[in-house]
file my_file_2.txt (compact mmCIF, C-alpha atoms)
# COMPACT_ATOMS: atom_id res chain seq x y z
CA MET K 257 -20.19 -81.51 -146.16
CA THR K 258 -22.68 -79.12 -147.73
CA SER K 259 -26.14 -79.63 -149.08
CA LYS K 260 -27.14 -79.37 -152.73
CA GLY K 261 -28.95 -76.06 -152.08
CA ASN K 262 -28.30 -72.79 -153.83
CA ILE K 263 -25.41 -70.64 -152.66
CA SER K 264 -27.92 -68.28 -151.09
CA GLY K 265 -31.67 -68.47 -151.59
CA THR K 266 -34.44 -66.02 -150.94
CA VAL K 267 -37.28 -66.40 -148.48
CA ARG K 268 -39.72 -66.18 -151.40
CA GLU K 269 -38.16 -69.32 -152.92
CA THR K 270 -38.98 -71.25 -149.72
CA GLN K 271 -42.63 -70.21 -149.49
CA HIS K 272 -45.18 -73.00 -149.50
CA GLU K 273 -48.95 -72.85 -149.22
CA THR K 274 -51.24 -75.83 -148.95
CA THR K 275 -54.89 -76.37 -148.18
CA GLN K 276 -57.04 -79.22 -146.96
CA LEU K 277 -60.77 -79.51 -146.36
CA MET K 278 -61.49 -80.74 -142.84
CA MET K 279 -63.73 -83.80 -142.81
CA PRO K 280 -65.35 -85.86 -140.00
CA GLN K 281 -62.34 -88.18 -139.65
CA HIS K 282 -60.25 -85.14 -138.63
CA ALA K 283 -62.48 -84.13 -135.72
CA ASN K 284 -63.55 -85.00 -132.19
CA LEU K 285 -67.13 -85.59 -131.02
CA LEU K 286 -67.80 -81.83 -130.88
CA GLY K 287 -66.79 -81.29 -134.50
CA ASN K 288 -63.51 -79.59 -133.60
CA VAL K 289 -60.49 -80.73 -135.57
CA PHE K 290 -57.91 -82.56 -133.45
CA GLY K 291 -54.83 -80.46 -132.62
CA GLY K 292 -52.66 -83.35 -133.77
CA VAL K 293 -54.14 -83.14 -137.25
CA ILE K 294 -53.20 -79.44 -137.43
CA LEU K 295 -49.73 -80.15 -136.01
CA ALA K 296 -49.08 -82.84 -138.63
CA MET K 297 -50.16 -80.48 -141.40
CA MET K 298 -47.89 -77.75 -139.99
CA ASP K 299 -44.94 -80.14 -139.83
CA THR K 300 -45.46 -81.21 -143.45
CA ALA K 301 -45.82 -77.65 -144.76
CA ALA K 302 -42.73 -76.54 -142.84
CA ALA K 303 -40.72 -79.54 -144.08
CA ILE K 304 -41.48 -78.61 -147.68
CA SER K 305 -40.17 -75.07 -147.10
CA ALA K 306 -37.01 -76.38 -145.43
CA ILE K 307 -36.35 -78.92 -148.20
CA ARG K 308 -36.96 -76.26 -150.87
CA HIS K 309 -34.19 -74.21 -149.32
CA ALA K 310 -31.70 -76.97 -148.50
CA ARG K 311 -32.52 -79.23 -151.50
CA THR K 312 -31.75 -82.18 -149.26
CA PRO K 313 -33.81 -84.17 -146.73
CA CYS K 314 -34.65 -82.26 -143.55
CA VAL K 315 -35.85 -83.55 -140.20
CA THR K 316 -37.87 -81.82 -137.51
CA ALA K 317 -35.66 -80.87 -134.56
CA SER K 318 -38.12 -78.84 -132.50
CA VAL K 319 -41.53 -77.24 -132.46
CA ASP K 320 -42.04 -74.04 -130.52
CA ARG K 321 -45.11 -73.32 -128.44
CA VAL K 322 -48.41 -73.84 -130.23
CA ASP K 323 -51.53 -72.09 -128.99
CA PHE K 324 -54.81 -72.93 -130.67
CA ARG K 325 -56.55 -69.54 -130.59
CA GLU K 326 -59.61 -70.45 -132.63
CA PRO K 327 -61.23 -73.85 -133.19
CA VAL K 328 -61.10 -75.47 -136.59
CA GLN K 329 -64.39 -77.09 -137.56
CA ILE K 330 -65.50 -79.85 -139.91
CA GLY K 331 -66.11 -78.18 -143.28
CA ASP K 332 -63.41 -75.52 -142.81
CA LEU K 333 -60.70 -75.18 -145.40
CA VAL K 334 -57.38 -75.11 -143.56
CA ILE K 335 -54.64 -73.02 -145.19
CA MET K 336 -51.00 -73.52 -144.20
CA LYS K 337 -48.49 -70.82 -145.18
CA ALA K 338 -44.84 -71.63 -144.53
CA CYS K 339 -41.43 -70.09 -145.25
CA VAL K 340 -37.88 -70.24 -143.93
CA ASN K 341 -37.22 -67.32 -141.56
CA TYR K 342 -33.61 -67.99 -140.55
CA VAL K 343 -30.75 -70.34 -141.37
CA GLY K 344 -27.91 -71.41 -139.07
CA LYS K 345 -25.15 -73.79 -140.09
CA THR K 346 -27.24 -76.96 -140.50
CA SER K 347 -30.58 -75.85 -139.12
CA MET K 348 -33.42 -73.62 -140.29
CA GLU K 349 -36.33 -71.97 -138.55
CA VAL K 350 -39.55 -72.22 -140.53
CA GLY K 351 -42.59 -70.16 -139.66
CA VAL K 352 -46.07 -71.51 -140.33
CA ARG K 353 -49.27 -69.48 -140.27
CA VAL K 354 -52.55 -71.41 -140.10
CA GLU K 355 -55.80 -69.92 -141.32
CA THR K 356 -59.25 -71.31 -141.92
CA GLU K 357 -61.65 -70.30 -144.62
CA HIS K 358 -65.37 -70.78 -144.31
CA LEU K 359 -66.05 -71.81 -147.89
CA GLN K 360 -69.64 -70.57 -147.99
CA THR K 361 -68.88 -67.06 -146.69
CA GLY K 362 -65.22 -66.70 -147.67
CA LYS K 363 -64.37 -65.49 -144.15
CA ARG K 364 -60.78 -66.22 -143.16
CA THR K 365 -59.61 -66.63 -139.58
CA HIS K 366 -56.03 -66.86 -138.28
CA THR K 367 -56.12 -69.84 -135.91
CA ASN K 368 -52.47 -70.18 -134.90
CA SER K 369 -48.84 -69.79 -135.88
CA CYS K 370 -45.76 -71.75 -134.95
CA TYR K 371 -42.01 -71.94 -135.48
CA LEU K 372 -40.39 -75.27 -136.30
CA THR K 373 -36.68 -75.98 -136.48
CA PHE K 374 -35.40 -78.39 -139.12
CA VAL K 375 -31.96 -79.89 -139.63
CA ALA K 376 -30.72 -80.75 -143.12
CA VAL K 377 -29.30 -84.27 -143.29
CA ASP K 378 -27.48 -86.49 -145.77
CA ALA K 379 -28.54 -90.01 -146.80
CA GLY K 380 -26.99 -91.38 -143.60
CA GLY K 381 -28.89 -88.97 -141.39
CA LYS K 382 -25.85 -86.80 -140.58
CA PRO K 383 -26.36 -83.01 -140.45
CA VAL K 384 -25.15 -81.10 -143.49
CA GLN K 385 -24.50 -77.41 -143.97
CA VAL K 386 -27.23 -75.38 -145.64
CA PRO K 387 -26.83 -72.18 -147.65
CA PRO K 388 -27.72 -68.87 -146.02
CA ILE K 389 -31.07 -67.22 -146.61
CA LYS K 390 -31.42 -63.72 -148.06
CA PRO K 391 -34.30 -61.80 -146.50
CA GLU K 392 -35.34 -59.07 -148.94
CA SER K 393 -38.45 -57.25 -147.74
CA ALA K 394 -38.74 -55.31 -144.50
CA ASP K 395 -41.07 -58.02 -143.14
CA GLU K 396 -38.61 -60.80 -144.05
CA LYS K 397 -35.77 -58.87 -142.37
CA ARG K 398 -37.91 -58.38 -139.24
CA ARG K 399 -38.75 -62.11 -139.13
CA TYR K 400 -35.06 -62.99 -139.68
CA ALA K 401 -33.94 -60.80 -136.74
CA ALA K 402 -36.66 -62.20 -134.46
CA ALA K 403 -35.75 -65.76 -135.49
CA LYS K 404 -32.10 -65.09 -134.70
CA GLN K 405 -33.11 -64.02 -131.17
CA ARG K 406 -35.27 -67.13 -130.74
CA ARG K 407 -32.34 -69.28 -131.86
CA GLU K 408 -30.12 -67.73 -129.18
CA ARG K 409 -32.81 -68.39 -126.56
CA ARG K 410 -33.16 -72.02 -127.70
CA LEU K 411 -29.39 -72.52 -127.45
CA GLN K 412 -29.36 -71.06 -123.92
CA GLU K 413 -32.24 -73.35 -122.92
CA ARG K 414 -30.40 -76.36 -124.35
CA GLN K 415 -27.27 -75.46 -122.36
CA ALA K 416 -29.35 -75.12 -119.18
CA GLU K 417 -30.95 -78.52 -119.82
CA ALA K 418 -27.50 -80.09 -120.31
CA ALA K 419 -26.43 -78.61 -116.97
CA GLY K 420 -29.46 -80.16 -115.27
CA LEU K 421 -31.28 -76.84 -114.94
CA ASP K 422 -34.35 -77.69 -117.00
CA ALA K 423 -37.12 -75.61 -115.43
CA ARG K 424 -39.88 -77.43 -117.31
CA VAL K 425 -39.73 -80.66 -115.30
CA PRO K 426 -38.89 -81.56 -111.67
CA ALA K 427 -35.56 -83.20 -110.97

call {"tool": "encode", "arguments": {"input": "my_file_2.txt", "output": "structure tokens"}}
result
Amino acid sequence: MTSKGNISGTVRETQHETTQLMMPQHANLLGNVFGGVILAMMDTAAAISAIRHARTPCVTASVDRVDFREPVQIGDLVIMKACVNYVGKTSMEVGVRVETEHLQTGKRTHTNSCYLTFVAVDAGGKPVQVPPIKPESADEKRRYAAAKQRRERRLQERQAEAAGLDARVPA
């Protein structure tokens, strides 16, 4: 079964940018925004990119390593930039870049980036095939090649886990 997506879409067609002003309810006692708030925003932005490409519901399958390099503060404008980097048969890697903008100075800071994998599904929750992605620019082609390598690594890790060789946790 295939999705309702285009025969082959461009990365540009999957781009999504969203912003949100960070308020006290988003932060801890020190005024730093909770990591979970940022993760939820990343997941939502990435889902929109995935759905734009597949034109069918998509579910989060995995989230790669997330390092919070700079704190996000109350009063910061958080900017999420997402796009599909790579498409497999039913899955897609979406990259998300997170920046903050200090609204009074206009200074922007890159706080973190992350890769999320989504699977396109039908109404019953079964995976469906998605159309390929067409990287056009040199940067899109570079991201596509890097995403393909990450996908291979993820598949190898999954095979090791299935064989009981998961190095992340003790047996």

call {"tool": "residues_around", "arguments": {"input": "my_file_2.txt", "residues": "Phe324 in chain K", "least_positions_apart": "6", "cutoff": "9 Å", "atoms": "all atoms listed in the file", "output": "PyMOL selection string"}}
result
chain K and resi 291+367-369

call {"tool": "write_last_selection", "arguments": {"input": "my_file_2.txt", "atoms": "C-alpha atoms", "output": "PDB file, keeping the file's coordinate frame"}}
result
ATOM      1  CA  GLY K 291     -54.830 -80.460-132.620  1.00  0.00           C
ATOM      2  CA  THR K 367     -56.120 -69.840-135.910  1.00  0.00           C
ATOM      3  CA  ASN K 368     -52.470 -70.180-134.900  1.00  0.00           C
ATOM      4  CA  SER K 369     -48.840 -69.790-135.880  1.00  0.00           C
TER       5      SER K 369
END

call {"tool": "closest_residue", "arguments": {"input": "my_file_2.txt", "among": "K:Glu349, K:Asp323, K:Glu269, K:Asp299", "to": "Arg407 in chain K", "atoms": "only C-alpha atoms"}}
result
K:Glu349

call {"tool": "axis_aligned_box", "arguments": {"input": "my_file_2.txt", "around": "range 373-392 of chain K", "padding_each_side": "4 Å", "output": "JSON"}}
result
{"center_x": -30.6, "center_y": -75.2, "center_z": -142.7, "size_x": 20.2, "size_y": 40.3, "size_z": 20.5}

call {"tool": "residues_around", "arguments": {"input": "my_file_2.txt", "residues": "range 373-375 of chain K", "least_positions_apart": "6", "cutoff": "7 Å", "atoms": "all atoms listed in the file", "output": "ChimeraX atom specification"}}
result
/K:306,314-319,346-350,383

call {"tool": "closest_residue", "arguments": {"input": "my_file_2.txt", "among": "K:Glu413, K:Asp378, K:Glu355, K:Asp332", "to": "Ala283 in chain K", "atoms": "all atoms listed in the file"}}
result
K:Asp332

call {"tool": "closest_residue", "arguments": {"input": "my_file_2.txt", "among": "K:Ala401, K:Ala419, K:Ala379, K:Leu277", "to": "Tyr342 in chain K", "atoms": "all atoms listed in the file"}}
result
K:Ala401

call {"tool": "closest_residue", "arguments": {"input": "my_file_2.txt", "among": "K:Lys397, K:Arg311, K:Lys390, K:Arg406", "to": "Thr266 in chain K", "atoms": "all atoms listed in the file"}}
result
K:Lys390

call {"tool": "atom_distance", "arguments": {"input": "my_file_2.txt", "atom1": "CA of Met298 in chain K", "atom2": "CA of Tyr400 in chain K"}}
result
19.6 Å
